[in-house]
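Below you'll find the structure, written out as structure tokens, and then a few comments.
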Amino acid sequence: MIEKNLIKNCVCGNTTDFQKQNLHGIDVLVCNSCGVVHQELINWTEESYLSFYENDYHAKFQKVKGRKTYQENYEHDCAVAEKRLAKYAQYLTPKMKGLDIGSSNSAFVHRARSKNLDCWGLEPGHDIGDNAVTIRGSIVSANIDTNSFDFVTMHDSIEHIVDVRSTLQNVTKILKQSGYLILDLPDYWIESGYHHWKYIEHLWYFTAEQMQTILKDYGFVVIGVDRPIPGKIVFYAQKS
């Protein structure tokens with residue numbers, strides 16, 4: 001079962017003991033060790049999945065789905081970024097250095113910079129975002145110095161990542177001591193979050209309780225949890 005699946009390691013490290021189910025029309029594997037659910041994508045490799053995000057996801061795939069592209073959504077995303085930054089003001093102060101993982105069209109990075117935050121984007125897509133403020137690649141592949149950021153933001157990105165374990169390990173490394181991780185993800189397990197069960201796109205279906213445990217396991221103290229809109233959860237965590 002797991003040998004042909006894109007994800008071969010649960011976030012808890014389990015590689016062998018899973019139960020197959022279909023939830024909300026998505027074939028998934030449920031970890032019998034920790035209960036975390038991830039999507040079963042057969043005959044995809046990490047290389048083909050990365051290529052999908054590098055070349056197809058932000059424009060071609062969105063058009064196939066009948067959606068606006070991420071570039072077309074730039075003004076909307078700037079407005080969302082302003083609301084996010086207003087919420088983050090209790091943690092982020094001017095001149096702090098930050099990294100927005102999965103920065104897409106750079107809307108959040110641009111608005112953060114307008115608040116005098118030294119914010120940068122990290123984005124695998126070649127066809128999206130502002131090259132002047134974007135590091136291309138993933139946190140695993142990019143050459144990022146340890147202890148170099150005061151904060152990391154992940155807006156609707158962790159659920160798209162194949163190797164969550166390595167990603168969070170690297171987030172811990174690049175953050176300074178007591179640095180902040182602000183992580184936004186879908187609340188899949190309530191009715192208003194059911195539409196986030198998406199084939200190909202969303203690989204992981206964490207519960208709020210599971211995410212709190214995972215963050216603790218990877219060296220964070222959760223200092224706040226917010227549900228700003230129905231179907232979304234935001235975790236505010238600090239490197240311990």
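Each chain of the structure tokens is named A, B, ... in the order shown, its residues numbered from 1; ligands are numbered from 1 in display order.
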DSSP on the backbone, then: every residue of range 96-148 of chain A marked alpha helix (DSSP H), written as a ChimeraX atom specification.
-> /A:107-114
Residues of range 5-123 of chain A that have any atom at most 7 Å from an atom of range 140-159 of chain A: could you tabulate them with the shortest-distance atom pair and the distance in Å to one decimal, using only C-alpha atoms, ordered by chain and increasing number, as CSV?
```
residue,atom,partner,partner_atom,distance
A:Met96,CA,A:Asp150,CA,5.8
A:Lys97,CA,A:Phe149,CA,5.3
A:Gly98,CA,A:Phe151,CA,4.6
A:Leu99,CA,A:Val152,CA,4.8
A:Asp100,CA,A:Thr153,CA,4.7
A:Ile101,CA,A:Met154,CA,5.2
A:Gly102,CA,A:Ser157,CA,5.7
```
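Excluding Val133 in chain A and any residue on its chain fewer than 6 positions from it, the residues at most 12 Å away by only C-alpha atoms are Gly98, Leu99, Asp100, Ser103, Ser104, Asn105, Ser106, Ala107, Phe108, Val109, His110, Arg111, Ala112, Arg113, Asp118, Cys119, Trp120, Gly121, Leu122 and Glu123 of chain A.
Among the candidate residues A:Phe61, A:Tyr194, A:Phe235, A:Trp204, the one lying nearest to Cys31 in chain A is A:Trp204, with distances computed using only C-alpha atoms.
The protein and nucleic acid residues lying at most 10 Å from range 164-166 of chain A are Ile7, Asn9, Cys10, Val11, Cys12, Gly13, Ile139, Val140, Ile158, Glu159, His160, Ile161, Val162, Leu168, Gln169, Asn170, Val171, Thr172, Trp204, Ile214 and Tyr218 of chain A, with only C-alpha atoms considered and sequence neighbours fewer than 2 positions away removed.
Taking only C-alpha atoms into account, Asp184 in chain A lies nearest to A:Arg84 out of the set A:Arg84, A:Trp44, A:Glu209, A:Val221.
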Report the distance between CA of Asn14 in chain A and CA of Lys173 in chain A in Å, rounded to one decimal place.
-> 23.0 Å
Can you list every residue of range 125-220 of chain A that has an atom at most 9 Å from range 20-27 of chain A, with its nearest atom pair and the distance in Å to one decimal, using only C-alpha atoms, ordered by chain then number, as a tab-separated table?
```
residue	atom	partner	partner_atom	distance
A:Tyr194	CA	A:His24	CA	7.3
A:His195	CA	A:His24	CA	8.7
A:Trp197	CA	A:His24	CA	6.6
A:Lys198	CA	A:Ile26	CA	7.3
A:Tyr199	CA	A:Ile26	CA	6.4
```
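Residue nearest Gln62 in chain A within the list A:Thr207, A:Tyr91, A:Asp77, A:Glu201: A:Glu201 [criterion: smallest interatomic distance, only C-alpha atoms].
Pairwise distance (CA of Thr45 in chain A, CA of Asn5 in chain A) equals 8.0 Å.
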Neighbour list for Gly231 in chain A as a VMD selection string, cut-off 10 Å, only C-alpha atoms, skip fewer than 2 positions in-chain | chain A and resid 185 to 196 227 to 229 233
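Separating CA of Glu75 in chain A from CA of Lys60 in chain A is a distance of 19.8 Å.
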